[in-house]
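J.: final26.cif is reproduced in full below (mmCIF, C-alpha atoms and all ligand atoms).
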```
data_protein
loop_
_atom_site.label_atom_id
_atom_site.label_comp_id
_atom_site.auth_asym_id
_atom_site.auth_seq_id
_atom_site.Cartn_x
_atom_site.Cartn_y
_atom_site.Cartn_z
CA MET A 274 97.45 71.04 126.72
CA LYS A 275 98.74 67.91 124.92
CA LEU A 276 100.46 68.67 121.64
CA GLN A 277 101.52 66.27 118.89
CA PHE A 278 104.65 67.33 117.06
CA THR A 279 107.26 66.15 114.59
CA LYS A 280 110.95 66.94 114.97
CA MET A 281 112.83 67.51 111.69
CA HIS A 282 116.04 69.09 110.52
CA GLY A 283 117.47 70.56 107.32
CA ALA A 284 121.29 70.42 107.34
CA GLY A 285 121.19 70.51 111.14
CA ASN A 286 118.85 73.53 111.40
CA ASP A 287 116.21 71.86 113.58
CA PHE A 288 112.47 72.37 113.81
CA VAL A 289 109.43 71.40 115.79
CA MET A 290 106.62 71.02 113.24
CA LEU A 291 103.00 71.48 114.30
CA ASP A 292 99.97 70.57 112.18
CA ALA A 293 97.21 73.16 112.54
CA THR A 294 95.45 72.29 109.29
CA ARG A 295 92.53 70.48 110.97
CA GLU A 296 91.94 72.76 113.93
CA PRO A 297 93.43 76.09 114.96
CA LEU A 298 96.29 75.98 117.41
CA HIS A 299 96.59 78.48 120.23
CA VAL A 300 100.12 78.40 121.59
CA SER A 301 101.46 81.30 123.65
CA ARG A 302 104.88 82.83 123.23
CA GLU A 303 105.90 81.20 126.52
CA GLN A 304 104.76 77.76 125.28
CA LEU A 305 106.68 78.23 122.03
CA ARG A 306 109.80 79.03 124.04
CA GLN A 307 109.25 75.94 126.17
CA LEU A 308 108.89 73.75 123.06
CA ALA A 309 112.17 75.12 121.66
CA ASP A 310 114.05 74.84 124.96
CA ARG A 311 116.77 72.17 124.71
CA HIS A 312 116.57 71.34 128.44
CA LEU A 313 112.89 71.83 129.30
CA GLY A 314 111.20 71.06 125.98
CA VAL A 315 111.78 69.29 122.66
CA GLY A 316 114.56 71.60 121.49
CA ALA A 317 114.59 73.48 118.18
CA ASP A 318 115.93 76.54 116.39
CA GLN A 319 112.45 77.30 115.03
CA ILE A 320 108.87 76.13 115.44
CA LEU A 321 106.84 75.83 112.24
CA VAL A 322 103.05 75.83 112.26
CA VAL A 323 101.28 74.53 109.14
CA GLU A 324 97.83 76.03 108.52
CA PRO A 325 95.13 75.78 105.82
CA PRO A 326 95.57 77.93 102.69
CA PRO A 327 94.47 81.57 103.10
CA SER A 328 93.45 81.73 99.39
CA PRO A 329 92.73 79.23 96.57
CA ASP A 330 95.99 79.97 94.72
CA VAL A 331 98.15 78.35 97.44
CA ASP A 332 98.19 74.89 99.06
CA PHE A 333 99.04 75.86 102.65
CA ARG A 334 100.19 78.68 104.87
CA TYR A 335 103.05 78.20 107.26
CA ARG A 336 104.13 80.37 110.17
CA ILE A 337 107.61 80.55 111.59
CA PHE A 338 108.58 81.23 115.21
CA ASN A 339 112.15 81.60 116.42
CA ALA A 340 113.32 79.77 119.57
CA ASP A 341 112.70 83.00 121.53
CA GLY A 342 108.99 82.78 120.57
CA GLY A 343 109.07 85.73 118.12
CA GLU A 344 107.25 85.29 114.80
CA VAL A 345 109.36 85.94 111.69
CA GLU A 346 108.85 86.30 107.95
CA GLN A 347 110.88 83.58 106.28
CA CYS A 348 112.87 80.37 106.84
CA GLY A 349 114.62 78.59 103.97
CA ASN A 350 115.49 75.31 105.69
CA GLY A 351 112.06 75.31 107.31
CA ALA A 352 110.41 75.56 103.89
CA ARG A 353 112.28 72.44 102.82
CA CYS A 354 111.25 70.50 105.95
CA PHE A 355 107.69 71.78 105.47
CA VAL A 356 107.43 69.83 102.17
CA ALA A 357 108.59 66.57 103.75
CA PHE A 358 106.25 67.17 106.71
CA VAL A 359 103.02 67.78 104.77
CA ARG A 360 103.69 64.75 102.55
CA ARG A 361 104.50 62.55 105.54
CA GLN A 362 101.35 63.69 107.36
CA GLY A 363 99.31 62.73 104.28
CA LEU A 364 98.16 66.34 103.82
CA THR A 365 99.19 66.34 100.15
CA ALA A 366 100.80 64.03 97.58
CA LYS A 367 102.11 66.95 95.52
CA ARG A 368 105.86 67.29 94.97
CA ALA A 369 105.69 71.01 94.16
CA ILE A 370 103.79 73.09 96.67
CA ARG A 371 102.79 76.73 96.87
CA VAL A 372 102.86 78.04 100.40
CA ALA A 373 102.01 81.44 101.85
CA THR A 374 104.40 82.97 104.38
CA HIS A 375 104.57 86.42 105.94
CA ALA A 376 107.14 87.30 103.25
CA GLY A 377 104.90 86.19 100.34
CA VAL A 378 104.32 82.95 98.45
CA ILE A 379 107.26 80.57 98.04
CA GLN A 380 107.43 77.34 96.02
CA PRO A 381 109.32 74.35 97.38
CA ARG A 382 109.55 71.12 95.40
CA LEU A 383 110.75 67.64 96.23
CA GLU A 384 113.61 66.48 93.97
CA ASP A 385 114.11 62.88 92.78
CA ASP A 386 117.14 62.50 95.07
CA GLY A 387 115.10 63.37 98.19
CA ARG A 388 116.48 66.89 98.55
CA VAL A 389 114.11 69.83 98.38
CA THR A 390 114.58 72.96 96.27
CA VAL A 391 112.83 76.17 97.27
CA ASP A 392 112.14 79.08 94.95
CA MET A 393 112.72 81.81 97.55
CA GLY A 394 111.85 84.70 95.22
CA PRO A 395 114.31 87.51 94.45
CA PRO A 396 116.63 89.02 97.06
CA ARG A 397 116.25 92.67 98.08
CA PHE A 398 119.32 94.75 98.65
CA GLU A 399 118.34 97.25 101.26
CA PRO A 400 120.18 100.35 102.32
CA ALA A 401 120.35 101.33 105.98
CA ARG A 402 116.90 102.10 107.34
CA VAL A 403 118.01 104.28 110.25
CA PRO A 404 120.65 107.00 110.28
CA PHE A 405 124.09 105.54 110.18
CA ASP A 406 125.83 105.75 113.52
CA ALA A 407 129.32 104.33 113.09
CA ALA A 408 131.99 106.89 113.96
CA HIS A 409 132.20 108.91 110.73
CA LEU A 410 132.72 105.87 108.52
CA ALA A 411 131.01 105.98 105.14
CA PRO A 412 129.94 102.86 103.26
CA ARG A 413 132.32 101.60 100.58
CA THR A 414 131.54 99.64 97.45
CA GLU A 415 133.03 96.43 96.11
CA GLY A 416 131.93 95.31 92.66
CA GLY A 417 129.36 98.13 92.66
CA PHE A 418 127.61 96.81 95.80
CA GLU A 419 127.78 98.54 99.15
CA LEU A 420 129.49 97.32 102.29
CA TRP A 421 128.32 99.11 105.43
CA PRO A 422 130.45 99.63 108.52
CA LEU A 423 128.86 98.57 111.81
CA ASP A 424 130.44 99.97 114.94
CA LEU A 425 130.55 97.04 117.38
CA GLY A 426 132.26 98.89 120.25
CA SER A 427 135.07 96.81 121.76
CA SER A 428 134.54 94.17 119.00
CA GLY A 429 135.68 96.67 116.34
CA THR A 430 133.97 97.44 113.05
CA ALA A 431 132.23 94.86 110.88
CA TRP A 432 131.76 95.60 107.14
CA VAL A 433 128.48 94.03 106.14
CA SER A 434 126.35 93.55 103.03
CA VAL A 435 122.68 94.09 103.85
CA VAL A 436 120.26 91.70 102.13
CA SER A 437 116.62 90.78 102.67
CA MET A 438 115.31 87.35 101.72
CA GLY A 439 111.99 88.36 103.24
CA ASN A 440 113.88 88.38 106.53
CA PRO A 441 116.89 90.61 107.26
CA HIS A 442 120.55 89.59 106.92
CA ALA A 443 123.88 91.35 107.47
CA VAL A 444 126.69 89.29 105.94
CA GLN A 445 130.40 89.86 106.34
CA ARG A 446 133.32 88.22 104.55
CA VAL A 447 135.88 86.53 106.82
CA ASP A 448 139.18 84.78 106.13
CA GLU A 449 138.21 81.56 107.91
CA ALA A 450 134.69 80.61 108.93
CA ASP A 451 135.95 78.30 111.69
CA ALA A 452 137.83 81.17 113.34
CA ALA A 453 135.10 83.79 112.84
CA PRO A 454 134.00 85.68 116.00
CA VAL A 455 130.41 84.44 115.70
CA ALA A 456 129.61 84.22 119.44
CA GLU A 457 131.23 87.60 120.16
CA GLN A 458 129.99 89.69 117.24
CA GLY A 459 126.77 87.80 116.44
CA PRO A 460 124.66 89.18 119.33
CA ARG A 461 126.07 92.70 118.84
CA ILE A 462 125.14 92.68 115.15
CA GLU A 463 121.73 91.12 115.87
CA HIS A 464 120.88 93.98 118.25
CA HIS A 465 122.73 96.78 116.41
CA ALA A 466 120.80 100.05 116.44
CA ARG A 467 120.82 100.16 112.65
CA PHE A 468 118.39 97.23 112.39
CA ALA A 469 115.01 98.14 113.82
CA GLN A 470 113.73 94.55 113.51
CA ARG A 471 117.09 93.04 114.59
CA VAL A 472 119.03 91.01 112.02
CA ASN A 473 120.61 87.63 111.20
CA ALA A 474 124.43 87.88 111.13
CA GLY A 475 126.35 85.84 108.53
CA PHE A 476 130.10 85.09 108.40
CA MET A 477 131.19 83.91 104.94
CA GLN A 478 134.53 82.48 103.83
CA VAL A 479 134.99 82.47 100.06
CA VAL A 480 136.79 79.24 99.10
CA THR A 481 136.33 79.51 95.31
CA PRO A 482 133.77 81.45 93.19
CA HIS A 483 131.51 78.37 93.42
CA HIS A 484 132.12 77.39 97.06
CA ILE A 485 131.82 79.15 100.41
CA ARG A 486 131.83 78.18 104.07
CA LEU A 487 129.20 79.92 106.14
CA ARG A 488 128.24 80.35 109.78
CA VAL A 489 125.17 82.31 110.87
CA TRP A 490 124.18 83.84 114.18
CA GLU A 491 120.39 83.78 113.79
CA ARG A 492 118.09 86.43 115.15
CA GLY A 493 116.11 84.92 118.02
CA ALA A 494 117.98 81.59 117.99
CA GLY A 495 121.77 82.14 118.30
CA GLU A 496 124.27 80.28 116.11
CA THR A 497 122.56 77.45 114.22
CA LEU A 498 124.15 74.59 112.26
CA ALA A 499 122.74 76.03 109.01
CA CYS A 500 120.55 78.91 107.87
CA GLY A 501 118.84 78.66 104.48
CA THR A 502 117.95 82.31 104.03
CA GLY A 503 121.43 83.15 105.41
CA ALA A 504 122.96 81.04 102.62
CA CYS A 505 120.79 82.83 100.01
CA ALA A 506 121.80 86.23 101.42
CA ALA A 507 125.52 85.40 101.53
CA VAL A 508 125.60 84.02 97.98
CA THR A 509 123.57 86.83 96.39
CA ALA A 510 125.71 89.44 98.18
CA GLY A 511 128.87 87.59 97.09
CA ILE A 512 127.65 87.56 93.47
CA ARG A 513 126.85 91.29 93.60
CA HIS A 514 130.35 91.99 94.98
CA GLY A 515 131.94 89.91 92.17
CA TRP A 516 133.37 87.30 94.58
CA LEU A 517 131.04 84.44 93.56
CA GLN A 518 129.38 82.90 90.50
CA SER A 519 126.17 80.88 90.45
CA PRO A 520 125.70 78.05 91.41
CA VAL A 521 127.45 78.11 94.77
CA ASP A 522 127.89 75.24 97.25
CA VAL A 523 127.54 76.49 100.79
CA ASP A 524 129.17 74.36 103.48
CA THR A 525 127.62 74.93 106.88
CA ARG A 526 128.47 73.12 110.11
CA GLY A 527 125.41 70.90 109.53
CA GLY A 528 125.79 70.06 105.84
CA ARG A 529 125.81 71.40 102.31
CA LEU A 530 123.27 73.74 100.71
CA THR A 531 123.39 74.79 97.07
CA ILE A 532 122.27 78.21 95.90
CA ALA A 533 121.57 79.32 92.33
CA TRP A 534 120.75 82.88 91.31
CA ASP A 535 120.83 84.48 87.83
CA GLY A 536 120.91 88.03 89.22
CA GLY A 537 118.47 90.93 89.13
CA ALA A 538 114.85 90.08 89.83
CA SER A 539 115.32 86.36 89.16
CA PRO A 540 114.47 84.05 92.05
CA VAL A 541 117.01 82.49 94.38
CA LEU A 542 116.90 78.68 94.36
CA LEU A 543 117.92 76.94 97.58
CA THR A 544 118.55 73.16 97.50
CA GLY A 545 119.45 70.90 100.41
CA PRO A 546 118.67 67.82 102.46
CA VAL A 547 115.78 67.25 104.88
CA ALA A 548 115.49 64.65 107.64
CA HIS A 549 112.73 63.36 109.87
CA VAL A 550 114.02 62.87 113.43
CA PHE A 551 111.04 61.65 115.51
CA ASP A 552 107.36 62.17 116.31
CA GLY A 553 106.14 62.85 119.81
CA THR A 554 103.58 64.28 122.19
CA ILE A 555 104.30 66.91 124.82
CA GLU A 556 102.23 68.33 127.68
CA LEU A 557 102.49 72.13 127.83
N1 LIG B 1 116.83 79.12 109.96
C1 LIG B 1 116.14 79.89 109.03
C2 LIG B 1 115.85 81.33 109.35
C3 LIG B 1 114.89 81.45 110.53
C4 LIG B 1 114.46 82.86 110.84
C5 LIG B 1 115.58 83.76 111.29
N2 LIG B 1 116.18 83.35 112.54
C6 LIG B 1 115.05 85.20 111.42
O1 LIG B 1 114.81 85.65 112.56
O2 LIG B 1 114.87 85.86 110.41
C7 LIG B 1 116.48 79.63 107.58
O3 LIG B 1 116.83 78.46 107.28
O4 LIG B 1 116.33 80.50 106.74
#
```
In structure tokens, write the structure found in this file.

T.:
Amino acid sequence: MKLQFTKMHGAGNDFVMLDATREPLHVSREQLRQLADRHLGVGADQILVVEPPPSPDVDFRYRIFNADGGEVEQCGNGARCFVAFVRRQGLTAKRAIRVATHAGVIQPRLEDDGRVTVDMGPPRFEPARVPFDAAHLAPRTEGGFELWPLDLGSSGTAWVSVVSMGNPHAVQRVDEADAAPVAEQGPRIEHHARFAQRVNAGFMQVVTPHHIRLRVWERGAGETLACGTGACAAVTAGIRHGWLQSPVDVDTRGGRLTIAWDGGASPVLLTGPVAHVFDGTIEL
């Protein structure tokens, strides 16, 4: 099968974008993995498939697949690249778009400076879903919000805030993002027994109440240069703990994202850059 694709990135979080608005696309999990493979394919953290709207109240639907081929609910940087992609493909001239995802409808809009802001909806602060298994450690609270201990065996205990942005995140505060044990702890947190659907693992350094540094080990992709939903999760957890105040600049290894959240059920706004890398065709 010959497939046309576009390669894009949002703060270094890179995507293969596929247009399935004109005809349905049947790509197997193995083919998705091959597309994402950095040696045997195009290379990407996620593959995004744009489809026609499932109902008249939205403009498109888009589906998100991690590099391991698994379909997931939400992708913040992907939503930003999605806007640039559909405009570039001539599929819409709108600047504000309503798009259906597995986690509900989100609303990205193109800003005058070329960045894209996404209304990601409100965060959900979820308690543990399965019985807690760390050796007799109880959760503790900071600023009225819970930190949960995760027993990571020989890697010690990680105290995490559990947040859903449609997809699951476990965020811990570290002294220095550059020195954080992302490669060591990331896979252990991702596969920890407490998270039935696995989890994205964030490592956040608080620089000031309006500035953090963040690294994220992503479920199904490994450490990426930036994670949009990870930034939303880290900032909303940090605000709940009393460490941060909106808006917050989030420096990732791939660039800066800005997150605004007024608390409670108000939506999280994620703003950042998008870039077109190249268009191509691949035989799968
Ligand atoms: N890079 C994304 C998140 C992609 C999905 C994530 N790996 C998951 O499995 O939930 C973002 O920018 O949010």

J.: Could the residues that lie within 10 Å of ligand LIG 1 (chain B), counting only C-alpha atoms and all ligand atoms, be listed as a VMD selection string?

T.: chain A and resid 282 to 288 318 to 321 337 to 341 343 to 354 393 437 to 442 463 470 to 474 489 to 506 543

J.: Measuring between all atoms listed in the file, which one of A:Glu449, A:Asp385, A:Asp522, A:Asp292 shows the shortest distance to Phe476 (chain A)?

T.: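 Using all atoms listed in the file, Phe476 (chain A) sits closest to A:Glu449.
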
J.: Can you list, as a list in words, every protein, DNA or RNA residue that comes within 8 Å of Ile555 (chain A) when you count all atoms listed in the file, leaving out same-chain residues fewer than 2 positions away?

T.: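 Once the nearby chain positions are removed, what remains is Lys275, Leu276, Gln277, Phe278, Gly553 and Leu557 of chain A.
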
J.: Please identify all polymer residues within 8 Å of Pro520 (chain A), counting all atoms listed in the file, omitting same-chain residues fewer than 5 positions from it, and present them as a ChimeraX atom specification.

T.: /A:483,531-534

J.: List the spatial neighbours of region 295-301 of chain A as a PyMOL selection string - criterion: any atom at most 8 Å away, all atoms listed in the file, same-chain residues fewer than 3 positions off excluded.

T.: chain A and resi 292+304-305+324-325

J.: Give me, as a VMD selection string, all polymer residues having an atom no more than 7 Å from Met477 (chain A), counting all atoms listed in the file and skipping those fewer than 2 positions away in the same chain.

T.: chain A and resid 445 to 447 450 475 479 485 to 488 507

J.: Let's have the selection written as a JSON list (two decimals), keeping the file's coordinate frame, with C-alpha atoms.

T.:
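The file below, selection.json, is the result:
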```
[["chain", "number", "residue", "atom", "x", "y", "z"],
["A", 445, "GLN", "CA", 130.40, 89.86, 106.34],
["A", 446, "ARG", "CA", 133.32, 88.22, 104.55],
["A", 447, "VAL", "CA", 135.88, 86.53, 106.82],
["A", 450, "ALA", "CA", 134.69, 80.61, 108.93],
["A", 475, "GLY", "CA", 126.35, 85.84, 108.53],
["A", 479, "VAL", "CA", 134.99, 82.47, 100.06],
["A", 485, "ILE", "CA", 131.82, 79.15, 100.41],
["A", 486, "ARG", "CA", 131.83, 78.18, 104.07],
["A", 487, "LEU", "CA", 129.20, 79.92, 106.14],
["A", 488, "ARG", "CA", 128.24, 80.35, 109.78],
["A", 507, "ALA", "CA", 125.52, 85.40, 101.53]]
```

J.: What's the separation between CA of Asp392 (chain A) and CA of Ile379 (chain A), in Å to one decimal place?

T.: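 Interatomic distance, CA of Asp392 (chain A) to CA of Ile379 (chain A): 6.0 Å.
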
J.: Quote the spacing between CA of Met274 (chain A) and CA of Glu556 (chain A) in Å to one decimal place.

T.: 5.6 Å

J.: When you look at Ala510 (chain A) with a cut-off of 9 Å (counting only C-alpha atoms), what residues show up, excluding the ones that are within fewer than 4 positions of it in the same chain? I need them as a list in words.

T.: Phe398, Phe418, Ser434, Val435, Val436, Val444, Cys505, Ala506, His514, Gly515, Trp516 and Leu517 of chain A

J.: Tell me, in Å to one decimal, how far CA of Gly387 (chain A) is from CA of Asp310 (chain A).

T.: 29.1 Å

J.: Determine the nearest neighbour of Leu383 (chain A) from the options A:Leu308, A:Phe551, A:Pro395, A:Val356, counting only C-alpha atoms.

T.: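 Under the stated criterion, the closest residue is A:Val356.
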
J.: Would you kindly place N, CA and C atoms on region 343-365 of chain A and return the model as a short mmCIF file (atom, residue, chain, number, x, y, z; two decimals), keeping the file's coordinate frame?

T.:
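Contents of result36.cif, as written:
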```cif
data_model
loop_
_atom_site.label_atom_id
_atom_site.label_comp_id
_atom_site.auth_asym_id
_atom_site.auth_seq_id
_atom_site.Cartn_x
_atom_site.Cartn_y
_atom_site.Cartn_z
N GLY A 343 109.45 84.64 119.03
CA GLY A 343 109.07 85.73 118.12
C GLY A 343 108.71 85.19 116.73
N GLU A 344 107.65 85.73 116.15
CA GLU A 344 107.25 85.29 114.80
C GLU A 344 108.07 86.05 113.76
N VAL A 345 108.53 85.33 112.72
CA VAL A 345 109.36 85.94 111.69
C VAL A 345 108.79 85.65 110.30
N GLU A 346 109.41 86.28 109.30
CA GLU A 346 108.85 86.30 107.95
C GLU A 346 109.18 85.08 107.11
N GLN A 347 110.42 84.57 107.25
CA GLN A 347 110.88 83.58 106.28
C GLN A 347 111.86 82.60 106.91
N CYS A 348 111.92 81.39 106.35
CA CYS A 348 112.87 80.37 106.84
C CYS A 348 113.13 79.37 105.71
N GLY A 349 114.31 79.42 105.14
CA GLY A 349 114.62 78.59 103.97
C GLY A 349 114.67 77.10 104.29
N ASN A 350 115.40 76.73 105.33
CA ASN A 350 115.49 75.31 105.69
C ASN A 350 114.13 74.81 106.17
N GLY A 351 113.40 75.68 106.84
CA GLY A 351 112.06 75.31 107.31
C GLY A 351 111.15 75.00 106.14
N ALA A 352 111.25 75.78 105.06
CA ALA A 352 110.41 75.56 103.89
C ALA A 352 110.68 74.18 103.30
N ARG A 353 111.94 73.76 103.37
CA ARG A 353 112.28 72.44 102.82
C ARG A 353 111.70 71.33 103.71
N CYS A 354 111.82 71.51 105.03
CA CYS A 354 111.25 70.50 105.95
C CYS A 354 109.72 70.49 105.86
N PHE A 355 109.14 71.67 105.61
CA PHE A 355 107.69 71.78 105.47
C PHE A 355 107.17 70.80 104.41
N VAL A 356 107.86 70.72 103.26
CA VAL A 356 107.43 69.83 102.17
C VAL A 356 107.41 68.37 102.63
N ALA A 357 108.51 67.96 103.28
CA ALA A 357 108.59 66.57 103.75
C ALA A 357 107.50 66.32 104.80
N PHE A 358 107.23 67.33 105.63
CA PHE A 358 106.25 67.17 106.71
C PHE A 358 104.84 66.99 106.16
N VAL A 359 104.41 67.87 105.24
CA VAL A 359 103.02 67.78 104.77
C VAL A 359 102.79 66.49 103.96
N ARG A 360 103.83 66.01 103.28
CA ARG A 360 103.69 64.75 102.55
C ARG A 360 103.62 63.58 103.52
N ARG A 361 104.47 63.62 104.53
CA ARG A 361 104.50 62.55 105.54
C ARG A 361 103.20 62.48 106.34
N GLN A 362 102.61 63.64 106.62
CA GLN A 362 101.35 63.69 107.36
C GLN A 362 100.16 63.28 106.50
N GLY A 363 100.40 63.08 105.20
CA GLY A 363 99.31 62.73 104.28
C GLY A 363 98.44 63.92 103.93
N LEU A 364 98.96 65.13 104.09
CA LEU A 364 98.16 66.34 103.82
C LEU A 364 98.16 66.68 102.33
N THR A 365 99.13 66.17 101.61
CA THR A 365 99.19 66.34 100.15
C THR A 365 100.10 65.27 99.56
#
```
